[in-house]
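Quick look at work.txt (compact mmCIF, C-alpha atoms):
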```txt
# COMPACT_ATOMS: atom_id res chain seq x y z
CA MET A 1 -1.17 -94.17 127.73
CA MET A 2 -2.13 -90.82 126.14
CA HIS A 3 -2.22 -89.10 129.55
CA VAL A 4 1.30 -90.37 130.30
CA ALA A 5 2.60 -88.83 127.03
CA VAL A 6 0.81 -85.53 127.78
CA PHE A 7 2.20 -85.29 131.33
CA LEU A 8 5.65 -86.33 130.13
CA SER A 9 5.64 -83.39 127.70
CA PHE A 10 4.49 -81.12 130.59
CA LEU A 11 7.45 -82.47 132.60
CA ILE A 12 10.04 -81.96 129.83
CA PHE A 13 8.88 -78.61 128.42
CA GLY A 14 7.78 -77.27 131.83
CA SER A 15 11.15 -77.96 133.46
CA THR A 16 13.19 -76.79 130.45
CA GLY A 17 11.12 -73.62 129.94
CA GLY A 18 11.22 -72.86 133.66
CA GLU A 19 14.97 -73.39 133.94
CA ILE A 20 15.66 -71.23 130.90
CA ALA A 21 13.54 -68.39 132.34
CA ILE A 22 15.28 -68.76 135.73
CA THR A 23 18.73 -68.81 134.07
CA ARG A 24 17.92 -65.53 132.32
CA GLY A 25 16.69 -64.10 135.62
CA MET A 26 19.84 -65.15 137.47
CA LYS A 27 22.11 -63.65 134.79
CA VAL A 28 20.18 -60.37 135.13
CA THR A 29 20.35 -60.59 138.95
CA GLY A 30 24.14 -60.98 138.91
CA GLU A 31 26.23 -63.38 140.96
CA PRO A 32 26.69 -63.04 144.75
CA GLU A 33 30.01 -61.44 145.69
CA ARG A 34 30.86 -64.25 148.15
CA LEU A 35 29.32 -67.66 148.91
CA ARG A 36 28.42 -66.71 152.49
CA PRO A 37 24.93 -66.93 154.09
CA LYS A 38 24.48 -63.12 154.30
CA GLU A 39 25.51 -62.63 150.66
CA LEU A 40 23.37 -65.57 149.54
CA LEU A 41 20.31 -64.13 151.32
CA ARG A 42 20.92 -60.75 149.65
CA PHE A 43 21.28 -62.56 146.30
CA LEU A 44 18.02 -64.45 146.95
CA GLY A 45 16.27 -61.15 147.74
CA ARG A 46 17.45 -59.63 144.44
CA ALA A 47 16.45 -62.81 142.55
CA LEU A 48 12.95 -62.77 144.07
CA ARG A 49 12.37 -59.27 142.68
CA ASN A 50 13.19 -60.45 139.16
CA GLY A 51 10.35 -60.97 136.64
CA TRP A 52 12.14 -63.76 134.76
CA PHE A 53 12.37 -65.76 137.98
CA TRP A 54 8.60 -65.48 138.51
CA ALA A 55 7.99 -66.46 134.88
CA GLY A 56 9.95 -69.66 135.51
CA VAL A 57 8.25 -70.64 138.79
CA PRO A 58 4.81 -71.65 137.38
CA LEU A 59 6.52 -73.69 134.64
CA MET A 60 8.67 -75.46 137.25
CA ALA A 61 5.54 -76.04 139.40
CA LEU A 62 3.78 -77.57 136.38
CA SER A 63 6.71 -79.91 135.78
CA PHE A 64 6.87 -80.78 139.51
CA TYR A 65 3.20 -81.86 139.60
CA ALA A 66 3.62 -83.72 136.31
CA LEU A 67 6.56 -85.58 137.93
CA LEU A 68 4.51 -86.45 141.04
CA LEU A 69 1.62 -87.77 138.91
CA LEU A 70 3.94 -89.74 136.60
CA LEU A 71 5.71 -91.28 139.63
CA SER A 72 2.34 -92.38 141.01
CA TRP A 73 1.39 -94.11 137.71
CA GLU A 74 4.67 -95.41 136.32
CA PRO A 75 7.88 -96.92 137.77
CA ILE A 76 10.81 -94.54 138.27
CA SER A 77 12.73 -96.71 135.76
CA PHE A 78 10.37 -95.41 133.06
CA VAL A 79 9.88 -91.81 134.23
CA ILE A 80 13.56 -90.83 134.60
CA PRO A 81 14.86 -92.29 131.28
CA ALA A 82 11.95 -90.69 129.41
CA SER A 83 12.53 -87.33 131.09
CA ALA A 84 16.26 -87.51 130.16
CA LEU A 85 15.20 -86.00 126.82
CA SER A 86 15.08 -82.68 128.67
CA TYR A 87 18.92 -82.57 128.47
CA VAL A 88 18.71 -82.30 124.68
CA VAL A 89 15.67 -79.98 124.68
CA GLY A 90 17.40 -77.78 127.31
CA THR A 91 20.61 -77.53 125.26
CA PHE A 92 18.62 -76.36 122.22
CA GLY A 93 16.97 -73.77 124.48
CA ALA A 94 20.35 -72.67 125.87
CA LYS A 95 21.71 -72.18 122.35
CA TYR A 96 18.75 -70.53 120.63
CA ILE A 97 17.04 -68.68 123.51
CA LEU A 98 19.90 -67.86 125.91
CA GLY A 99 22.53 -67.42 123.17
CA GLU A 100 25.08 -69.74 124.82
CA GLU A 101 27.92 -71.15 122.73
CA VAL A 102 27.36 -74.91 122.54
CA SER A 103 30.56 -76.42 121.14
CA ALA A 104 30.78 -79.87 119.55
CA ALA A 105 32.37 -81.19 122.79
CA ARG A 106 29.47 -79.87 124.86
CA TRP A 107 26.88 -81.36 122.45
CA THR A 108 28.64 -84.73 122.55
CA GLY A 109 28.74 -84.58 126.35
CA VAL A 110 25.02 -83.73 126.55
CA VAL A 111 24.04 -86.62 124.23
CA LEU A 112 26.24 -89.07 126.21
CA VAL A 113 24.72 -87.87 129.51
CA CYS A 114 21.20 -88.22 128.07
CA ALA A 115 21.88 -91.81 126.91
CA GLY A 116 23.69 -92.61 130.18
CA VAL A 117 20.83 -91.38 132.38
CA ALA A 118 18.36 -93.46 130.34
CA LEU A 119 20.52 -96.61 130.71
CA VAL A 120 21.11 -96.11 134.45
CA ALA A 121 17.41 -95.62 135.14
CA LEU A 122 16.49 -98.70 133.06
CA GLY A 123 18.66 -100.68 135.52
CA MET B 124 43.76 -67.76 134.10
CA ALA B 125 43.36 -67.49 137.90
CA THR B 126 39.82 -66.15 137.38
CA GLU B 127 39.02 -69.09 135.06
CA GLY B 128 40.33 -71.54 137.70
CA ARG B 129 38.32 -69.87 140.47
CA LEU B 130 35.21 -69.96 138.27
CA ARG B 131 35.66 -73.70 137.70
CA ILE B 132 36.19 -74.44 141.42
CA LYS B 133 33.17 -72.50 142.66
CA THR B 134 31.05 -74.02 139.87
CA LEU B 135 32.18 -77.50 140.96
CA VAL B 136 31.33 -76.77 144.62
CA MET B 137 27.82 -75.56 143.75
CA VAL B 138 27.20 -78.47 141.34
CA CYS B 139 28.15 -80.90 144.18
CA ALA B 140 25.68 -79.15 146.54
CA MET B 141 23.03 -79.38 143.78
CA VAL B 142 23.65 -83.11 143.24
CA VAL B 143 23.45 -84.02 146.95
CA CYS B 144 20.27 -82.00 147.57
CA ALA B 145 18.54 -83.17 144.35
CA ASN B 146 19.21 -86.86 145.04
CA ALA B 147 18.09 -86.66 148.67
CA GLY B 148 14.97 -84.72 147.62
CA ASP B 149 14.01 -87.13 144.81
CA LEU B 150 14.43 -90.18 147.07
CA MET B 151 12.17 -88.60 149.71
CA LEU B 152 9.53 -87.69 147.10
CA LYS B 153 9.47 -91.22 145.70
CA ARG B 154 9.18 -92.64 149.22
CA ALA B 155 6.28 -90.30 150.02
CA MET B 156 4.43 -91.04 146.75
CA LEU B 157 4.83 -94.81 147.28
CA ARG B 158 3.06 -94.43 150.64
CA ILE B 159 0.29 -92.27 149.12
CA GLY B 160 -0.29 -94.63 146.19
CA ALA B 161 -1.52 -94.04 142.62
CA VAL B 162 -3.33 -90.70 142.21
CA GLU B 163 -6.76 -90.85 140.56
CA LEU B 164 -7.40 -88.14 137.95
CA SER B 165 -10.80 -87.14 139.35
CA ARG B 166 -11.88 -84.27 141.61
CA PRO B 167 -12.13 -86.41 144.78
CA GLY B 168 -8.95 -88.32 143.80
CA LEU B 169 -6.94 -85.12 143.35
CA LEU B 170 -8.36 -83.59 146.57
CA HIS B 171 -7.43 -86.74 148.48
CA ALA B 172 -3.90 -86.69 146.96
CA PHE B 173 -3.53 -82.99 147.83
CA ARG B 174 -4.52 -83.65 151.48
CA MET B 175 -2.15 -86.62 151.68
CA THR B 176 0.80 -84.76 150.15
CA VAL B 177 0.34 -81.64 152.34
CA THR B 178 0.31 -83.75 155.53
CA SER B 179 3.19 -86.07 154.55
CA GLY B 180 6.31 -85.39 156.65
CA THR B 181 8.53 -87.32 154.23
CA LEU B 182 7.32 -85.14 151.36
CA TRP B 183 8.18 -81.97 153.34
CA VAL B 184 11.69 -83.29 154.05
CA GLY B 185 11.97 -83.91 150.29
CA ILE B 186 10.77 -80.36 149.59
CA PHE B 187 13.35 -78.99 152.09
CA PHE B 188 16.16 -80.71 150.16
CA LEU B 189 14.68 -79.52 146.85
CA CYS B 190 14.74 -75.93 148.22
CA GLY B 191 18.47 -76.44 148.95
CA PHE B 192 18.86 -77.70 145.40
CA MET B 193 16.98 -74.67 144.05
CA LEU B 194 19.17 -72.17 145.95
CA SER B 195 22.43 -73.80 144.80
CA TYR B 196 21.04 -74.10 141.25
CA MET B 197 20.00 -70.43 141.13
CA THR B 198 23.37 -69.36 142.53
CA VAL B 199 25.44 -71.34 140.01
CA LEU B 200 23.25 -70.15 137.11
CA SER B 201 24.06 -66.55 138.05
CA TRP B 202 27.57 -67.05 136.63
CA ALA B 203 27.66 -70.35 134.67
CA ASP B 204 25.96 -71.49 131.43
CA TYR B 205 22.72 -73.47 131.68
CA SER B 206 24.06 -75.89 129.04
CA TYR B 207 27.11 -76.46 131.31
CA VAL B 208 25.34 -76.86 134.67
CA MET B 209 22.43 -79.03 133.49
CA PRO B 210 24.46 -82.03 132.18
CA ALA B 211 27.04 -81.69 134.99
CA GLY B 212 24.20 -82.18 137.49
CA ALA B 213 23.55 -85.64 135.98
CA PHE B 214 26.70 -86.84 137.74
CA GLY B 215 24.36 -87.61 140.66
CA TYR B 216 23.00 -90.66 138.81
CA ALA B 217 26.51 -92.09 138.56
CA LEU B 218 27.25 -91.23 142.19
CA LEU B 219 24.07 -92.99 143.38
CA THR B 220 25.13 -96.18 141.57
CA PHE B 221 28.60 -96.08 143.22
CA PHE B 222 26.97 -95.57 146.65
CA ALA B 223 24.54 -98.45 146.00
CA VAL B 224 27.49 -100.78 145.29
CA VAL B 225 29.87 -99.58 148.03
CA PHE B 226 27.45 -99.03 150.93
CA LEU B 227 24.42 -101.18 150.11
CA HIS B 228 26.34 -103.98 148.29
CA GLU B 229 23.70 -103.96 145.55
CA ALA B 230 24.30 -105.91 142.35
CA VAL B 231 24.48 -103.55 139.36
CA SER B 232 23.70 -104.78 135.84
CA PRO B 233 26.23 -104.32 132.98
CA ARG B 234 23.69 -102.02 131.24
CA ARG B 235 23.70 -99.74 134.28
CA TRP B 236 27.51 -99.66 134.38
CA VAL B 237 27.52 -98.66 130.69
CA GLY B 238 25.11 -95.85 131.61
CA VAL B 239 27.40 -94.71 134.47
CA ALA B 240 30.41 -94.74 132.12
CA LEU B 241 28.50 -92.68 129.50
CA ILE B 242 27.47 -90.12 132.15
CA CYS B 243 31.05 -89.84 133.47
CA VAL B 244 32.51 -89.37 129.96
CA GLY B 245 29.71 -86.90 129.09
CA VAL B 246 30.24 -84.84 132.27
CA LEU B 247 34.02 -84.85 131.68
CA LEU B 248 33.50 -83.61 128.12
CA VAL B 249 31.15 -80.84 129.24
CA GLY B 250 33.56 -80.02 132.10
CA GLN B 251 36.34 -79.35 129.57
CA THR B 252 34.33 -76.53 127.99
CA LYS B 253 34.21 -72.97 129.33
CA PRO B 254 31.70 -72.69 132.23
CA ARG B 255 30.56 -69.28 130.96
CA THR B 256 30.17 -68.26 127.31
CA THR B 257 27.80 -65.31 127.75
CA ALA B 258 28.35 -61.91 129.35
CA VAL B 259 26.91 -61.41 132.84
CA THR B 260 24.57 -58.45 132.92
CA ARG B 261 24.03 -56.49 136.10
CA GLU B 262 20.80 -54.71 135.24
CA ALA B 263 19.40 -55.33 138.70
CA LEU B 264 22.34 -53.58 140.33
CA ALA B 265 22.45 -50.68 137.91
```
Let me see whether you can do it: turn the structure in this file into structure tokens.
Amino acid sequence: MMHVAVFLSFLIFGSTGGEIAITRGMKVTGEPERLRPKELLRFLGRALRNGWFWAGVPLMALSFYALLLLLSWEPISFVIPASALSYVVGTFGAKYILGEEVSAARWTGVVLVCAGVALVALG
Amino acid sequence: MATEGRLRIKTLVMVCAMVVCANAGDLMLKRAMLRIGAVELSRPGLLHAFRMTVTSGTLWVGIFFLCGFMLSYMTVLSWADYSYVMPAGAFGYALLTFFAVVFLHEAVSPRRWVGVALICVGVLLVGQTKPRTTAVTREALA
């Protein structure tokens, strides 16, 4: 059971850390002018030259492999509800690392989503 | 006001693309891992799992959808808050339940319906907030 807890923490902190790094990278990259294939490819090119993006990739890869291993050991009805904690961890990261304004309405929404995802996955 | 409305609409479009690609990708991954079976945490076990995953067509289809998810996710994060996009993406769980009932005629437990209701209320609450609360820097373009 210990290895499940360890890989679950890799999944939660890996995905949250990776997404926060990628968010910072995308804000630095700047949004594409239009949502057209040519503009999106140019945007992707700029994003791929960003250091924050590459800091996020190994963390996302770690969480991806943790997810694959967890899915091979445990039912999806355990893995997804347990990983729903990443909504709360991610919101803390958004507030304290990215400096986003997290209003009471947004916090309430995040907690409801977290509980909802856990209930849906439990079936 | 018009800019705020445009921001909301394009955020909604990208979140929908994210939800579709993420759900399709996750389903394909689960299907592939069910075929491969439980992975043993030993050198030969991991090597065997690596070989099986690299040669699994279903897993590659899943990865293709996850690449689509990643592109839409990266794009929306270039203008919207992470704390806005992340919970909004959870709408996919509610959508999957509706599809299961409408198209597959699956029976859904009351607990699951409560979960769907919580997700919908949560996403609506987050959707009421401003999609962007931080300034967008353009260091890369400078």
Pick the closest to chain A from B:Ala161, B:Ala223, B:Ala230, B:Met137: which is it, counting only C-alpha atoms?
B:Ala161
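As for CA of Phe53 (chain A) and CA of Trp202 (chain B), they are spaced 15.3 Å apart.
Nearest to chain B of all the residues A:Pro58, A:Gly93, A:Gly51, A:Gly30 is A:Gly30, counting all atoms listed in the file.
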If you count all atoms listed in the file, which residues fall within 10 Å of Trp107 (chain A), apart from same-chain ones fewer than 4 positions away, as a ChimeraX atom specification?
/A:88,91-92,102-103,111-113 /B:206,245,248-249
Contacts of Ala172 (chain B) within 9 Å, only C-alpha atoms, excl. fewer than 2 positions in-chain, as a PyMOL selection string
chain B and resi 159-163+167-170+174-177
Any chance you could tabulate, as CSV, the residues of region 194-252 of chain B at most 12 Å from region 7-19 of chain A with each one's nearest atom pair and distance in Å to one decimal, using only C-alpha atoms, in chain and rising number order?
```
residue,atom,partner,partner_atom,distance
B:Tyr196,CA,A:Glu19,CA,9.5
B:Met197,CA,A:Glu19,CA,9.3
B:Leu200,CA,A:Glu19,CA,9.4
B:Asp204,CA,A:Glu19,CA,11.4
B:Tyr205,CA,A:Glu19,CA,8.1
B:Ser206,CA,A:Glu19,CA,10.6
B:Val208,CA,A:Glu19,CA,11.0
B:Met209,CA,A:Glu19,CA,9.4
```
